[in-house]
Structure formats: C-alpha cells, structure tokens
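Engineer: I'd like to ask you about the structure that follows.
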Amino acid sequence: MNSTTPFVSRRQLLQGVAGTALGLALAPNARAQLPRESADPLFRVKQGRIRQSVMGWCFNPMKPETLARHSKKIGLVAIEGIPREAYKAAKEIGLEISLVSSHGFGQGPCNPKYKDEVITKLTEAIDVAKSVGSQRVITFTGMRFEGMDEQKAADDCVEVWKKVLPHAEKQGITLCLEHLNSRDNSHPMKGHPGYFGDNVDFCVDLIKRVGSDHLKLLFDIYHVSIMNGDIIRRIRQYKDVIGHYHTAGNPGRGEIDDTQEINYPPIMRAILETGYTGFVAQEFIPTWQDPIAALRHSAQVCDV
C-alpha cells in the first residue's frame, strides 16, 4: 500500500460486501430459490416466458379437473399425466395437454418381450396426441432384465423407435425419451432401480442413433441432478435434442423450495437462453399441507 491508497477498515469492507450481497439478493435476475415462507398466496404467473405445465399424478387423489382449474388460476398453460378421459375437461378449462402418456417405464423396448406392446401403445398415443392437439408423447427405455445384453438392448430400443417414428413424423408428433434415476430406492416414484436409460448421456446417444427430429430427450432436472449433475452445462450441451422438461426438488422429489439443493431460477434462465419454447412441467410430490400453495410457489420460482 502506498501513501495515495485510501485505508479501508475491516468494518467498512464487511459493510461493503454486505451491501453488495443485499443488492444482488434484491436484483430480479439474481433471485435465488424462494423459501416457502415467502410463498405468495395470491401469486399468478407474470412473466410467462417459461410455459409451465403440471404433472397430474403427483397431486392424486385430487381430481384432474380440480387440479386443472387451480393451475389455470395460477397461470399455468398446460397439464399432463392425467387420464385421457380428463383431457377434454382440461382443454375446456383452457389448458393444453403438454405430454401424452404411452407404454410406461417398466415395459420398454430394451426388452424383446415388450417390443410389440411398445409399438402398439406408442402408435396409439401418437394418434391420441394428434386428436387433442398435443405435440409430444413420452417414451422410455424400460427396465433391465436377467440375461440382458446391453448392446442388444440398446439396438432393440433404436429399432422400435425407428419403426414408430414414420407415423409420428406423419402426424407431427415428437416422442420424448425420459431419462430416470436408478439411485433412489426410497419410493417407487422417486427413483427407478434397474432402469436401463439411467444415464442422460447414454439416452442422448440413443436419440442420435435414431436420427430423427421427432425423437427428443425429456430432460428431467430432478433425475439428471441425481444421476449426472452439471445441469446447466448439460442443458446447453443438449439443447438441440431436448424436447421437454420436468422439475422436482432433490432430495426427496418434493417442492422446489429452499429445503433442497437444486437452484431453479438460474436453471430456468439457462433454458430460456437456449431458445427453448416448449413446456416445463412441475413434477414434484407435494409435502406441504396445501398442495396448491406448493404448486403456486413452484410456479413463482420458475417464472423468471
């Protein structure tokens, strides 16, 4: 330090750091995860840059129509994971069907015994999606099985999707392959031990092998966090093959509040920076006493 350098005391330095931190905390673009105590009981989506959807099964036993009405009031624009007979009511309420279900994660194309069943159910789901104005159908690799040869299993997945995709392309429907975690064995819907497509990089490789713009990755932020991590970098890396997103808190697949480790606002901003215009579906399992308050809070967190 020379004679012209002003002296800064430790107290002044700490005050300056605190002031900077406060400024960052208050800056809209630097907003971190909102604690549950900050949940706004009157919040409605304001920005709308993220097209938010909601996963119906997470809110069972709430009726799909009830969930749809609450979601519409919050400002969500779509719903998925509800019985097909509820699609009409959801659309009349004003929500889109963001994703149509198909063969389920247990009976996938990696296992030859489910090959015909998967083809039939995917074809049917493509037609349903077309009829309700949806553009996406979910698909899975399926579960590992005794005596499985991994290379053949991967080849079988590619073969099945290639057989279905001409119909999907003709109908203007995109299949979305979901990557799931195999690590969490605490609950049948928090993790899926034995799932073949439990590595997101491997799932992307399968998609690239198929080579169709109508097969994309369902990037489940919760599952990627558990199995692979490095979420934002992977979003940027795989932006051209991502066709859908799911959310949830980790650990526990609960609300996306300050009790879990995934910081959603910067992830949502990273998604927007890639130019993504599809849906982001809230797929957490509510633990709050009021599940709709939890949904409203998650919508607020993601409304960047």
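Scheme for the structure tokens: letters A, B, ... for chains in order shown; per-chain residue numbers from 1; ligand numbers from 1 in order shown.
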Find the residues of range 124-183 of chain A that sit at most 12 Å from range 72-92 of chain A; for each, write down the nearest two atoms and how far apart they are in Å, to one decimal. Count only C-alpha atoms. Sort by chain, then by number going up, and give it as a tab-separated table.
Structural biologist:
```
residue	atom	partner	partner_atom	distance
A:Glu124	CA	A:Arg84	CA	12.0
A:Ala125	CA	A:Arg84	CA	10.0
A:Val128	CA	A:Arg84	CA	8.5
A:Ala129	CA	A:Arg84	CA	10.0
A:Ser131	CA	A:Tyr87	CA	10.5
A:Val132	CA	A:Tyr87	CA	7.6
A:Gly133	CA	A:Lys91	CA	9.7
A:Ser134	CA	A:Ala78	CA	10.1
A:Arg136	CA	A:Glu80	CA	10.4
A:Val137	CA	A:Glu80	CA	10.3
A:Ile138	CA	A:Gly81	CA	10.1
```
Engineer: Write a file of the selected residues as an mmCIF file, in the first residue's frame, keeping C-alpha atoms.
Structural biologist:
```cif
data_model
loop_
_atom_site.group_PDB
_atom_site.id
_atom_site.type_symbol
_atom_site.label_atom_id
_atom_site.label_comp_id
_atom_site.auth_asym_id
_atom_site.auth_seq_id
_atom_site.Cartn_x
_atom_site.Cartn_y
_atom_site.Cartn_z
ATOM 1 C CA GLU A 124 -51.977 -45.341 -30.234
ATOM 2 C CA ALA A 125 -50.567 -42.491 -28.127
ATOM 3 C CA VAL A 128 -54.371 -39.571 -29.236
ATOM 4 C CA ALA A 129 -51.890 -36.698 -29.166
ATOM 5 C CA SER A 131 -56.586 -35.765 -31.736
ATOM 6 C CA VAL A 132 -56.179 -33.489 -28.690
ATOM 7 C CA GLY A 133 -53.757 -31.040 -30.266
ATOM 8 C CA SER A 134 -50.734 -32.187 -28.287
ATOM 9 C CA ARG A 136 -45.472 -34.776 -27.607
ATOM 10 C CA VAL A 137 -45.671 -38.412 -26.476
ATOM 11 C CA ILE A 138 -43.483 -39.841 -23.739
#
```
Engineer: At a cut-off of 12 Å, can you tabulate as a tab-separated table every residue of range 91-205 of chain A near range 46-63 of chain A together with its closest atom pair and the distance in Å to one decimal, using only C-alpha atoms and ordering rows by chain then number?
Structural biologist:
```
residue	atom	partner	partner_atom	distance
A:Leu95	CA	A:Ser53	CA	8.7
A:Glu96	CA	A:Ser53	CA	8.5
A:Ile97	CA	A:Ser53	CA	8.6
A:Ser98	CA	A:Ser53	CA	6.9
A:Leu99	CA	A:Met55	CA	9.3
A:Val100	CA	A:Met55	CA	11.0
A:Ser101	CA	A:Met55	CA	11.1
A:Met189	CA	A:Cys58	CA	9.4
A:Lys190	CA	A:Cys58	CA	10.9
```
Engineer: Find the residue from A:Leu177, A:Ala153, A:Met227, A:Ile126 that sits nearest to Pro193 in chain A; use only C-alpha atoms when measuring.
Structural biologist: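 Using only C-alpha atoms, Pro193 in chain A sits closest to A:Met227.
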Engineer: For Ala294 in chain A, work out the shell of residues within 12 Å, counting only C-alpha atoms and skipping chain neighbours fewer than 4 positions away, then give it as a PyMOL selection string.
Structural biologist: chain A and resi 34-41+43+54+58-59+70-71+74+248-249+254-257+282-290+298-301
Engineer: Those selected residues, please, written with C-alpha atoms and delivered as an mmCIF file, in the first residue's frame.
Structural biologist:
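So the final result, stored in again.cif, reads:
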```cif
data_model
loop_
_atom_site.group_PDB
_atom_site.id
_atom_site.type_symbol
_atom_site.label_atom_id
_atom_site.label_comp_id
_atom_site.auth_asym_id
_atom_site.auth_seq_id
_atom_site.Cartn_x
_atom_site.Cartn_y
_atom_site.Cartn_z
ATOM 1 C CA LEU A 34 -37.596 -18.673 -2.717
ATOM 2 C CA PRO A 35 -38.153 -20.069 0.786
ATOM 3 C CA ARG A 36 -41.587 -21.485 1.498
ATOM 4 C CA GLU A 37 -42.191 -18.665 3.961
ATOM 5 C CA SER A 38 -42.170 -16.261 1.013
ATOM 6 C CA ALA A 39 -44.957 -18.087 -0.815
ATOM 7 C CA ASP A 40 -47.401 -15.552 -2.204
ATOM 8 C CA PRO A 41 -50.987 -16.809 -1.667
ATOM 9 C CA PHE A 43 -49.367 -15.207 -6.967
ATOM 10 C CA VAL A 54 -48.257 -29.593 -14.152
ATOM 11 C CA CYS A 58 -48.260 -36.027 -8.341
ATOM 12 C CA PHE A 59 -51.462 -34.476 -6.984
ATOM 13 C CA HIS A 70 -56.295 -24.335 -9.882
ATOM 14 C CA SER A 71 -53.496 -24.472 -12.444
ATOM 15 C CA ILE A 74 -52.163 -19.710 -11.129
ATOM 16 C CA ALA A 248 -38.790 -31.543 -8.706
ATOM 17 C CA GLY A 249 -36.730 -30.865 -5.613
ATOM 18 C CA GLY A 254 -40.553 -32.553 -3.042
ATOM 19 C CA GLU A 255 -41.303 -28.901 -3.675
ATOM 20 C CA ILE A 256 -38.708 -26.693 -5.338
ATOM 21 C CA ASP A 257 -38.179 -24.570 -2.252
ATOM 22 C CA GLN A 282 -43.908 -29.287 -12.410
ATOM 23 C CA GLU A 283 -43.487 -32.921 -11.325
ATOM 24 C CA PHE A 284 -42.797 -32.710 -7.604
ATOM 25 C CA ILE A 285 -44.658 -34.738 -4.974
ATOM 26 C CA PRO A 286 -46.266 -32.196 -2.616
ATOM 27 C CA THR A 287 -45.365 -32.346 1.062
ATOM 28 C CA TRP A 288 -46.912 -29.048 2.128
ATOM 29 C CA GLN A 289 -50.255 -29.166 3.893
ATOM 30 C CA ASP A 290 -51.771 -27.275 0.952
ATOM 31 C CA SER A 298 -43.128 -23.528 -7.603
ATOM 32 C CA ALA A 299 -44.737 -21.564 -10.414
ATOM 33 C CA GLN A 300 -43.431 -18.386 -8.780
ATOM 34 C CA VAL A 301 -39.906 -19.815 -8.518
#
```
Engineer: Select, from A:Ala68, A:His223, A:Ile173, A:Glu261, the residue with the minimum atom-to-atom distance to Gly94 in chain A, counting only C-alpha atoms.
Structural biologist: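 That would be A:Ala68, the residue with the smallest distance to Gly94 in chain A.
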Engineer: Please extract the residues of range 161-266 of chain A with a backbone DSSP assignment of strand (DSSP E or B) and present them as a count of residues only.
Structural biologist: 18
Engineer: Identify which of the residues A:Thr247, A:Asn181, A:Gln260, A:Ser102 lies closest to Met143 in chain A, counting only C-alpha atoms when measuring atom-to-atom distances.
Structural biologist: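 With only C-alpha atoms as the atom set, the closest residue is A:Asn181.
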Engineer: Between A:Ile262, A:Ile242, A:Arg253, A:Glu159, which residue has the minimum interatomic distance to Phe279 in chain A, considering only C-alpha atoms?
Structural biologist: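 The closest residue to Phe279 in chain A is A:Ile242.
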Engineer: Might you pull out every residue within 12 Å of Gly147 in chain A, with only C-alpha atoms counted and same-chain residues fewer than 3 positions away left off, and present them as an MDAnalysis selection string?
Structural biologist: chainID A and resid 111:112 144 150 152:153
